[in-house]
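Visitor: There's a structure below that I have some questions on.
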Amino acid sequence: MIPVTMVRSIPWFSGFLLFCLAMDGASQEPVDLRGPAVADALQRIRPAAVRAHMAFLADDLLEGRGTATRGHEIAARYVAAQLEAMGLEPGAGGSWLQTVPMRRSDLIAEESRVEIIPAHGERSLLVPGRDVLLRGGFEASMEVEAPVVFVGYGVTAPERGYDDYAGIDARGKIVAYLGGAPASLPPEERAHFGATPTRMENAAAHGAVGLLRLWDDEDEKRGSWSAFVQLLGNLDAIAWLEGGDAHGSYPQIRGSAGLGPAASQALFKDAAVTYSDAQAKRTPTPLPVRVRMVKKSRLTNLASPNVVGLLRGSDPALAAEYVVISAHLDHLGIREPVNGDPIYNGAIDNAAGVASLLEIARAFASLPERPRRSLLFVAFTGEESGLIGSDYFVHNPPVPLASIVADLNIDGTSMWPFNALFARGADHSTLASVVSAGAAAAGLPLVPDPFPEQASLVRSDQYAFLLKGVPSLILGAQRDADARALALDWLKNRYHQPSDDMSQPMDFDAAARFTRDLFLIAYTVVQANERPRWNPGDFFGERFGRLVLHPAGTLPM
């Protein structure tokens, strides 16, 4: 590894006496971190243990831990066995495994097609990969032919006085939209409104029957169309089943596709605006074309488990409240070979996160007195396919949803040295004060998300909790120039590639340090007198928060 000025280990903690957690502007009793019990728990989070968990989970024998595969099942049994050995209890209704019923869709490419039908002239059949990206649908046969309307970003944000559908009739139409969301929105709201499920829900609410995601100049700045096709093509089309139907699907949406650069341009031929003007002004407008989409899919019902371990709290009043520590266990499995290697091991994404979860569980289990609140340690399935396991969990929680006070999610433990922390999602609630205090305890500055444009808040399992009104965060680390170069190289060359394996450069001291920082944050949440609260007027709290705490600390009926 590239040397760093100083890599901290356990002694960084010894000089910290205590910190106070501020909630809702009012100080609580301080959470005391001075004692030998917490110091001993931190010492149990060892670099070698993080490496050992990763080495097993990212081994070729587990074949990339693809959702609903034998490799993922083995990984789930490993995590459950580790939690049991630590003395935790099964957390899923008496079982370690919460079975998630699923439906997988595989596109039958030779029977599927997308055509552009201009008002004048011949229809054109789009070439898969070159012109269009199609993925399987959750019905065996889906077909639509309809006029197309351009709807800018396809975003309706009444809280911000923004509506791309204002003044245009999308009923019975196929809506064509740009990626991203309005720059006028705060970054994490922009991430929410730019998420595909949000956009699809909004399109369905406006009566649309199909969606076309356009490829624009901003996309081209971030990467090539061919790389986008490869990335999306490596993700399975999977949904969890609710009453026998695919959850989150909209029957009125009869087709969806992504259009490449040339096909996106073709929609605007003979239109009242050029495609360049449409990107710049994003003014909704009807387009002088119809599009026909035919999607044939092979459907398979299957199942895959979340792993849930429970550490019961000790406080008679607070033990009925739960803090979730989560990480996704799945990766991409076996795919198209790269340099002869077909196994997408997912070492950093996310064997590393699961390793941190296990070591945090070990640290909590080692405490001579259990923490005040209860903890649920959850390793989710199906994250790579669209947060399938976490979405199922929050819709089918093993404890009352109202009793879950926070989710602290781990997706990619910091595997290189770092000099600051940031926490996506924390600023929406009093979790921000927890992270701030924890960072101060670790002697680290707390900085804003350095990459807000990556929309990371909506790309991992904490988002499923946010959408159910549970304050949540995902911790990140900021690095110096040398370590940042390693991280960027990983993102460019190893993310979702077979080379994300145990042979790549990794610093397990940094990983253990990051894990200890997250333990301190979790410890503060479980020990605090008050549960985390949404900030007054916060977007996520106002839109999704359902839990209003009475002054006495009881939940309303």
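Residues are referred to by chain and number: the chain letter is A, B, ... according to the order shown in the structure tokens, the number counts from 1 in that chain, and ligands are numbered separately from 1 in the order shown.
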Where in range 87-258 of chain A does DSSP assign alpha helix (DSSP H), given as an MDAnalysis selection string?

Guide: chainID A and resid 187:194 196:205 217:222 225:233

Visitor: I'd like a table as a tab-separated table: residues in range 261-299 of chain A with an atom no more than 12 Å from range 176-185 of chain A, each row giving the shortest atom pair and its distance in Å to one decimal, only C-alpha atoms counted, sorted by chain and rising residue number.

Guide:
```
residue	atom	partner	partner_atom	distance
A:Pro261	CA	A:Leu178	CA	11.8
A:Ala263	CA	A:Ala176	CA	11.5
A:Ser264	CA	A:Ala176	CA	8.9
A:Gln265	CA	A:Ala176	CA	11.5
A:Leu267	CA	A:Ala176	CA	9.0
A:Phe268	CA	A:Ala176	CA	10.6
A:Tyr275	CA	A:Leu178	CA	10.9
A:Ser276	CA	A:Leu178	CA	11.9
A:Ala278	CA	A:Leu178	CA	9.5
A:Gln279	CA	A:Leu178	CA	7.7
A:Ala280	CA	A:Leu178	CA	10.8
A:Lys281	CA	A:Pro182	CA	11.2
A:Arg282	CA	A:Leu178	CA	8.5
A:Thr283	CA	A:Tyr177	CA	10.8
A:Pro284	CA	A:Tyr177	CA	9.3
A:Thr285	CA	A:Ala176	CA	9.9
A:Pro286	CA	A:Ala176	CA	9.7
A:Leu287	CA	A:Ala176	CA	9.3
A:Val289	CA	A:Ala176	CA	11.3
A:Arg290	CA	A:Ala176	CA	11.3
A:Val291	CA	A:Ala176	CA	10.4
```

Visitor: Write out as a list of chain:residue names which residues come within 8 Å of Leu235 in chain A when counting only C-alpha atoms, dropping same-chain ones fewer than 3 positions away.

Guide: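 These residues fall inside the cut-off: A:Leu231, A:Leu232, A:Leu332, A:Glu384, A:Ser385.
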
Visitor: Output as a tab-separated table one row per residue of range 234-335 of chain A within 9 Å of range 493-512 of chain A: the closest atom pair and its distance in Å to one decimal place, counting only C-alpha atoms, sorted by chain and residue number ascending.

Guide:
```
residue	atom	partner	partner_atom	distance
A:Asn234	CA	A:His496	CA	8.3
A:His331	CA	A:His496	CA	8.3
A:Leu332	CA	A:His496	CA	7.4
A:Arg335	CA	A:Pro498	CA	8.9
```

Visitor: Work out how far CA of Leu214 in chain A is from CA of Ala455 in chain A, in Å to one decimal.

Guide: 18.2 Å

Visitor: Could you give me, as a list in words, the residues within 8 Å of Leu212 in chain A, counting only C-alpha atoms and dropping anything in the same chain fewer than 5 positions from it?

Guide: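 So, after excluding close chain neighbours, the residues are Ile174, Val175, Ala176, Tyr177, Ser256, Ala257, Gly258 and Leu259 of chain A.
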
Visitor: Produce a file of the selected residues containing C-alpha atoms, as a compact mmCIF listing (two decimals), in the first residue's frame.

Guide:
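To be explicit, this is the file written out as out39.txt:
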```
# COMPACT_ATOMS: atom_id res chain seq x y z
CA ILE A 174 -44.87 7.33 -23.64
CA VAL A 175 -42.78 9.86 -21.70
CA ALA A 176 -39.19 10.56 -22.73
CA TYR A 177 -36.99 12.01 -19.99
CA SER A 256 -39.62 1.00 -20.72
CA ALA A 257 -36.23 1.29 -22.36
CA GLY A 258 -33.02 3.31 -22.41
CA LEU A 259 -32.15 5.01 -25.68
```

Visitor: Just the strand (DSSP E or B) stuff from range 252-325 of chain A, please, per backbone DSSP, written as number ranges by chain.

Guide: A: 256-259, 285-311, 322-325

Visitor: Counting only C-alpha atoms, which residues of range 313-414 of chain A sit at most 12 Å from some atom of range 99-120 of chain A, and what is each one's closest atom pair with its distance in Å to one decimal, listed by chain and rising residue number, as CSV?

Guide:
```
residue,atom,partner,partner_atom,distance
A:Phe380,CA,A:Val100,CA,9.9
A:Thr381,CA,A:Val100,CA,8.3
A:Gly382,CA,A:Val100,CA,9.3
A:Ser385,CA,A:Arg104,CA,10.0
A:Leu387,CA,A:Val100,CA,11.9
A:Ile388,CA,A:Val100,CA,8.5
A:Gly389,CA,A:Val100,CA,6.8
A:Ser390,CA,A:Val100,CA,9.8
A:Asp391,CA,A:Val100,CA,10.0
A:Tyr392,CA,A:Val100,CA,6.9
A:Phe393,CA,A:Val100,CA,8.5
A:Val394,CA,A:Val100,CA,11.8
A:His395,CA,A:Val100,CA,11.1
A:Asn396,CA,A:Val100,CA,9.7
A:Pro397,CA,A:Val100,CA,11.7
A:Pro398,CA,A:Thr99,CA,11.6
```

Visitor: At a cut-off of 9 Å, using only C-alpha atoms, what residues contact range 517-528 of chain A? Leave out same-chain residues fewer than 5 positions from it and give the result as an MDAnalysis selection string.

Guide: chainID A and resid 21 28:33 38 42 313 318 321:323 325 356 360:361 363:364 371:375 405:406 408 410 431 434:435 437:439 441:442 475 512

Visitor: Could the residues in this selection be written to a file with N, CA and C atoms, as an mmCIF file, in the first residue's frame?

Guide:
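Contents of the output file out_1.cif:
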```cif
data_model
loop_
_atom_site.group_PDB
_atom_site.id
_atom_site.type_symbol
_atom_site.label_atom_id
_atom_site.label_comp_id
_atom_site.auth_asym_id
_atom_site.auth_seq_id
_atom_site.Cartn_x
_atom_site.Cartn_y
_atom_site.Cartn_z
ATOM 1 N N LEU A 21 -24.356 14.247 23.213
ATOM 2 C CA LEU A 21 -25.170 14.140 22.020
ATOM 3 C C LEU A 21 -26.290 15.157 22.087
ATOM 4 N N GLN A 28 -28.745 16.068 26.003
ATOM 5 C CA GLN A 28 -29.123 14.925 26.824
ATOM 6 C C GLN A 28 -28.006 14.654 27.827
ATOM 7 N N GLU A 29 -28.252 13.649 28.647
ATOM 8 C CA GLU A 29 -27.164 13.157 29.483
ATOM 9 C C GLU A 29 -26.052 12.665 28.559
ATOM 10 N N PRO A 30 -24.784 12.966 28.884
ATOM 11 C CA PRO A 30 -23.696 12.546 28.004
ATOM 12 C C PRO A 30 -23.568 11.024 27.956
ATOM 13 N N VAL A 31 -23.146 10.538 26.796
ATOM 14 C CA VAL A 31 -22.825 9.118 26.654
ATOM 15 C C VAL A 31 -21.355 8.943 27.005
ATOM 16 N N ASP A 32 -21.096 8.198 28.044
ATOM 17 C CA ASP A 32 -19.739 8.072 28.580
ATOM 18 C C ASP A 32 -18.968 7.005 27.804
ATOM 19 N N LEU A 33 -17.890 7.426 27.157
ATOM 20 C CA LEU A 33 -17.037 6.489 26.428
ATOM 21 C C LEU A 33 -15.674 6.322 27.100
ATOM 22 N N VAL A 38 -15.777 -0.126 26.805
ATOM 23 C CA VAL A 38 -15.832 0.352 25.428
ATOM 24 C C VAL A 38 -14.453 0.241 24.778
ATOM 25 N N LEU A 42 -13.569 -1.925 21.386
ATOM 26 C CA LEU A 42 -12.889 -1.397 20.203
ATOM 27 C C LEU A 42 -11.675 -2.237 19.833
ATOM 28 N N GLY A 313 -31.395 -5.422 24.049
ATOM 29 C CA GLY A 313 -30.954 -4.350 24.913
ATOM 30 C C GLY A 313 -31.192 -4.651 26.376
ATOM 31 N N LEU A 318 -35.987 1.047 26.964
ATOM 32 C CA LEU A 318 -35.442 1.252 25.624
ATOM 33 C C LEU A 318 -35.159 -0.038 24.867
ATOM 34 N N GLU A 321 -36.812 -0.717 21.598
ATOM 35 C CA GLU A 321 -36.424 0.051 20.414
ATOM 36 C C GLU A 321 -35.185 -0.592 19.794
ATOM 37 N N TYR A 322 -35.069 -0.476 18.466
ATOM 38 C CA TYR A 322 -34.036 -1.209 17.738
ATOM 39 C C TYR A 322 -33.236 -0.277 16.841
ATOM 40 N N VAL A 323 -31.936 -0.450 16.862
ATOM 41 C CA VAL A 323 -31.039 0.169 15.898
ATOM 42 C C VAL A 323 -30.590 -0.918 14.935
ATOM 43 N N ILE A 325 -28.036 -2.241 12.146
ATOM 44 C CA ILE A 325 -26.735 -2.139 11.477
ATOM 45 C C ILE A 325 -26.826 -3.050 10.254
ATOM 46 N N SER A 356 -17.241 -5.655 8.286
ATOM 47 C CA SER A 356 -17.372 -4.613 9.319
ATOM 48 C C SER A 356 -18.588 -4.859 10.192
ATOM 49 N N ILE A 360 -18.451 -5.264 14.213
ATOM 50 C CA ILE A 360 -19.221 -4.385 15.101
ATOM 51 C C ILE A 360 -20.119 -5.225 16.008
ATOM 52 N N ALA A 361 -20.727 -6.266 15.442
ATOM 53 C CA ALA A 361 -21.540 -7.167 16.260
ATOM 54 C C ALA A 361 -20.700 -7.826 17.343
ATOM 55 N N ALA A 363 -18.005 -6.626 18.737
ATOM 56 C CA ALA A 363 -17.671 -5.624 19.743
ATOM 57 C C ALA A 363 -18.843 -5.395 20.690
ATOM 58 N N PHE A 364 -20.052 -5.282 20.153
ATOM 59 C CA PHE A 364 -21.219 -5.088 21.016
ATOM 60 C C PHE A 364 -21.469 -6.307 21.894
ATOM 61 N N PRO A 371 -25.926 -3.048 25.583
ATOM 62 C CA PRO A 371 -26.361 -1.660 25.388
ATOM 63 C C PRO A 371 -27.836 -1.494 25.735
ATOM 64 N N ARG A 372 -28.260 -0.257 25.900
ATOM 65 C CA ARG A 372 -29.615 0.005 26.373
ATOM 66 C C ARG A 372 -30.665 -0.408 25.338
ATOM 67 N N ARG A 373 -30.469 0.024 24.097
ATOM 68 C CA ARG A 373 -31.405 -0.389 23.047
ATOM 69 C C ARG A 373 -30.980 -1.730 22.456
ATOM 70 N N SER A 374 -31.907 -2.351 21.767
ATOM 71 C CA SER A 374 -31.597 -3.590 21.062
ATOM 72 C C SER A 374 -30.990 -3.270 19.695
ATOM 73 N N LEU A 375 -30.239 -4.226 19.195
ATOM 74 C CA LEU A 375 -29.598 -4.080 17.888
ATOM 75 C C LEU A 375 -30.026 -5.222 16.984
ATOM 76 N N VAL A 405 -35.448 2.675 15.291
ATOM 77 C CA VAL A 405 -35.157 4.098 15.470
ATOM 78 C C VAL A 405 -34.128 4.621 14.481
ATOM 79 N N ALA A 406 -33.331 3.747 13.870
ATOM 80 C CA ALA A 406 -32.300 4.200 12.939
ATOM 81 C C ALA A 406 -31.751 3.005 12.172
ATOM 82 N N LEU A 408 -28.035 2.241 10.294
ATOM 83 C CA LEU A 408 -26.670 2.639 9.971
ATOM 84 C C LEU A 408 -26.147 1.618 8.972
ATOM 85 N N ILE A 410 -23.703 0.030 5.838
ATOM 86 C CA ILE A 410 -22.294 -0.067 5.445
ATOM 87 C C ILE A 410 -22.242 -0.658 4.032
ATOM 88 N N LEU A 431 -29.309 12.447 13.716
ATOM 89 C CA LEU A 431 -28.140 11.585 13.536
ATOM 90 C C LEU A 431 -26.905 12.417 13.187
ATOM 91 N N VAL A 434 -24.817 12.910 16.139
ATOM 92 C CA VAL A 434 -24.127 11.682 16.528
ATOM 93 C C VAL A 434 -22.835 11.538 15.736
ATOM 94 N N VAL A 435 -22.932 11.730 14.416
ATOM 95 C CA VAL A 435 -21.752 11.576 13.562
ATOM 96 C C VAL A 435 -20.721 12.656 13.882
ATOM 97 N N ALA A 437 -20.218 14.190 16.722
ATOM 98 C CA ALA A 437 -19.548 13.865 17.973
ATOM 99 C C ALA A 437 -18.604 12.684 17.806
ATOM 100 N N GLY A 438 -19.034 11.684 17.041
ATOM 101 C CA GLY A 438 -18.187 10.525 16.814
ATOM 102 C C GLY A 438 -16.921 10.884 16.061
ATOM 103 N N ALA A 439 -17.062 11.750 15.052
ATOM 104 C CA ALA A 439 -15.888 12.178 14.301
ATOM 105 C C ALA A 439 -14.936 12.952 15.199
ATOM 106 N N ALA A 441 -14.621 12.597 18.386
ATOM 107 C CA ALA A 441 -13.996 11.625 19.283
ATOM 108 C C ALA A 441 -12.837 10.911 18.615
ATOM 109 N N ALA A 442 -12.976 10.702 17.317
ATOM 110 C CA ALA A 442 -11.924 10.018 16.574
ATOM 111 C C ALA A 442 -10.820 10.963 16.124
ATOM 112 N N LEU A 475 -22.065 5.826 6.180
ATOM 113 C CA LEU A 475 -20.836 6.527 6.507
ATOM 114 C C LEU A 475 -19.852 6.419 5.350
ATOM 115 N N ALA A 512 -10.260 -1.437 9.632
ATOM 116 C CA ALA A 512 -10.587 -1.610 11.050
ATOM 117 C C ALA A 512 -10.839 -0.266 11.719
#
```

Visitor: Extract, using only C-alpha atoms, all DNA, RNA and protein residues at most 12 Å from Glu201 in chain A, discarding same-chain residues fewer than 4 positions from it, and format them as a PDB file with N, CA, C and O atoms, in the first residue's frame.

Guide:
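Written output follows (result-v2.pdb):
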```
ATOM      1  N   GLY A 154     -38.785  14.660 -15.888  1.00  0.00           N
ATOM      2  CA  GLY A 154     -39.881  13.813 -15.402  1.00  0.00           C
ATOM      3  C   GLY A 154     -40.084  13.908 -13.909  1.00  0.00           C
ATOM      4  O   GLY A 154     -40.537  12.949 -13.276  1.00  0.00           O
ATOM      5  N   VAL A 155     -39.787  15.077 -13.332  1.00  0.00           N
ATOM      6  CA  VAL A 155     -39.813  15.262 -11.877  1.00  0.00           C
ATOM      7  C   VAL A 155     -40.974  16.168 -11.487  1.00  0.00           C
ATOM      8  O   VAL A 155     -41.224  17.197 -12.124  1.00  0.00           O
ATOM      9  N   THR A 156     -41.672  15.779 -10.421  1.00  0.00           N
ATOM     10  CA  THR A 156     -42.669  16.632  -9.784  1.00  0.00           C
ATOM     11  C   THR A 156     -42.282  16.783  -8.320  1.00  0.00           C
ATOM     12  O   THR A 156     -42.292  15.805  -7.569  1.00  0.00           O
ATOM     13  N   PHE A 193     -35.489  12.332  -6.307  1.00  0.00           N
ATOM     14  CA  PHE A 193     -36.368  12.557  -7.454  1.00  0.00           C
ATOM     15  C   PHE A 193     -35.775  11.988  -8.736  1.00  0.00           C
ATOM     16  O   PHE A 193     -36.497  11.679  -9.682  1.00  0.00           O
ATOM     17  N   GLY A 194     -34.448  11.848  -8.774  1.00  0.00           N
ATOM     18  CA  GLY A 194     -33.814  11.267  -9.948  1.00  0.00           C
ATOM     19  C   GLY A 194     -33.778   9.758  -9.958  1.00  0.00           C
ATOM     20  O   GLY A 194     -33.398   9.148 -10.965  1.00  0.00           O
ATOM     21  N   ALA A 195     -34.190   9.114  -8.863  1.00  0.00           N
ATOM     22  CA  ALA A 195     -34.180   7.649  -8.796  1.00  0.00           C
ATOM     23  C   ALA A 195     -35.248   7.074  -9.728  1.00  0.00           C
ATOM     24  O   ALA A 195     -36.356   7.613  -9.833  1.00  0.00           O
ATOM     25  N   THR A 196     -34.930   5.986 -10.388  1.00  0.00           N
ATOM     26  CA  THR A 196     -35.850   5.392 -11.360  1.00  0.00           C
ATOM     27  C   THR A 196     -37.211   5.044 -10.759  1.00  0.00           C
ATOM     28  O   THR A 196     -38.242   5.341 -11.380  1.00  0.00           O
ATOM     29  N   PRO A 197     -37.301   4.431  -9.565  1.00  0.00           N
ATOM     30  CA  PRO A 197     -38.635   4.132  -9.023  1.00  0.00           C
ATOM     31  C   PRO A 197     -39.476   5.377  -8.797  1.00  0.00           C
ATOM     32  O   PRO A 197     -40.695   5.362  -9.043  1.00  0.00           O
ATOM     33  N   ALA A 205     -48.539   8.078 -12.218  1.00  0.00           N
ATOM     34  CA  ALA A 205     -49.530   8.970 -11.618  1.00  0.00           C
ATOM     35  C   ALA A 205     -50.076   9.969 -12.632  1.00  0.00           C
ATOM     36  O   ALA A 205     -51.211  10.446 -12.500  1.00  0.00           O
ATOM     37  N   HIS A 206     -49.279  10.286 -13.663  1.00  0.00           N
ATOM     38  CA  HIS A 206     -49.724  11.223 -14.692  1.00  0.00           C
ATOM     39  C   HIS A 206     -50.328  10.515 -15.896  1.00  0.00           C
ATOM     40  O   HIS A 206     -50.574  11.160 -16.924  1.00  0.00           O
ATOM     41  N   GLY A 207     -50.549   9.205 -15.780  1.00  0.00           N
ATOM     42  CA  GLY A 207     -51.260   8.480 -16.820  1.00  0.00           C
ATOM     43  C   GLY A 207     -50.407   7.957 -17.948  1.00  0.00           C
ATOM     44  O   GLY A 207     -50.944   7.501 -18.970  1.00  0.00           O
ATOM     45  N   ALA A 208     -49.069   7.995 -17.818  1.00  0.00           N
ATOM     46  CA  ALA A 208     -48.203   7.496 -18.881  1.00  0.00           C
ATOM     47  C   ALA A 208     -48.320   5.984 -19.016  1.00  0.00           C
ATOM     48  O   ALA A 208     -48.655   5.276 -18.054  1.00  0.00           O
ATOM     49  N   VAL A 209     -48.030   5.475 -20.208  1.00  0.00           N
ATOM     50  CA  VAL A 209     -48.093   4.030 -20.473  1.00  0.00           C
ATOM     51  C   VAL A 209     -46.732   3.448 -20.807  1.00  0.00           C
ATOM     52  O   VAL A 209     -46.601   2.239 -21.006  1.00  0.00           O
ATOM     53  N   GLY A 210     -45.706   4.302 -20.884  1.00  0.00           N
ATOM     54  CA  GLY A 210     -44.368   3.825 -21.165  1.00  0.00           C
ATOM     55  C   GLY A 210     -43.332   4.888 -20.848  1.00  0.00           C
ATOM     56  O   GLY A 210     -43.668   6.071 -20.689  1.00  0.00           O
ATOM     57  N   LEU A 211     -42.059   4.464 -20.719  1.00  0.00           N
ATOM     58  CA  LEU A 211     -40.973   5.384 -20.393  1.00  0.00           C
ATOM     59  C   LEU A 211     -39.781   5.141 -21.299  1.00  0.00           C
ATOM     60  O   LEU A 211     -39.433   3.981 -21.589  1.00  0.00           O
ATOM     61  N   GLY A 248     -43.750  -3.009  -6.548  1.00  0.00           N
ATOM     62  CA  GLY A 248     -43.184  -1.815  -7.160  1.00  0.00           C
ATOM     63  C   GLY A 248     -43.360  -1.718  -8.648  1.00  0.00           C
ATOM     64  O   GLY A 248     -42.846  -0.788  -9.277  1.00  0.00           O
ATOM     65  N   SER A 249     -44.075  -2.673  -9.245  1.00  0.00           N
ATOM     66  CA  SER A 249     -44.357  -2.570 -10.683  1.00  0.00           C
ATOM     67  C   SER A 249     -45.687  -1.849 -10.874  1.00  0.00           C
ATOM     68  O   SER A 249     -46.555  -1.867  -9.999  1.00  0.00           O
ATOM     69  N   TYR A 250     -45.838  -1.226 -12.008  1.00  0.00           N
ATOM     70  CA  TYR A 250     -47.045  -0.473 -12.332  1.00  0.00           C
ATOM     71  C   TYR A 250     -47.644  -1.076 -13.597  1.00  0.00           C
ATOM     72  O   TYR A 250     -47.100  -0.890 -14.695  1.00  0.00           O
ATOM     73  N   PRO A 251     -48.758  -1.806 -13.460  1.00  0.00           N
ATOM     74  CA  PRO A 251     -49.314  -2.517 -14.619  1.00  0.00           C
ATOM     75  C   PRO A 251     -49.612  -1.606 -15.803  1.00  0.00           C
ATOM     76  O   PRO A 251     -49.551  -2.048 -16.956  1.00  0.00           O
ATOM     77  N   GLN A 252     -49.926  -0.325 -15.549  1.00  0.00           N
ATOM     78  CA  GLN A 252     -50.252   0.569 -16.658  1.00  0.00           C
ATOM     79  C   GLN A 252     -49.032   0.962 -17.479  1.00  0.00           C
ATOM     80  O   GLN A 252     -49.158   1.409 -18.615  1.00  0.00           O
ATOM     81  N   ILE A 253     -47.821   0.814 -16.896  1.00  0.00           N
ATOM     82  CA  ILE A 253     -46.595   1.062 -17.652  1.00  0.00           C
ATOM     83  C   ILE A 253     -46.283  -0.202 -18.445  1.00  0.00           C
ATOM     84  O   ILE A 253     -45.833  -1.193 -17.898  1.00  0.00           O
TER      85      ILE A 253
END
```

Visitor: Find the residue from A:Val378, A:Leu367, A:Ala271, A:Val324 that sits nearest to Leu97 in chain A; use only C-alpha atoms when measuring.

Guide: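 Looking only at the distances to Leu97 in chain A, the closest residue turns out to be A:Val378.
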
Visitor: Between CA of Ala426 in chain A and CA of Arg516 in chain A, what is the distance in Å, rounded to a tenth?

Guide: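 Going from CA of Ala426 in chain A over to CA of Arg516 in chain A covers 18.2 Å.
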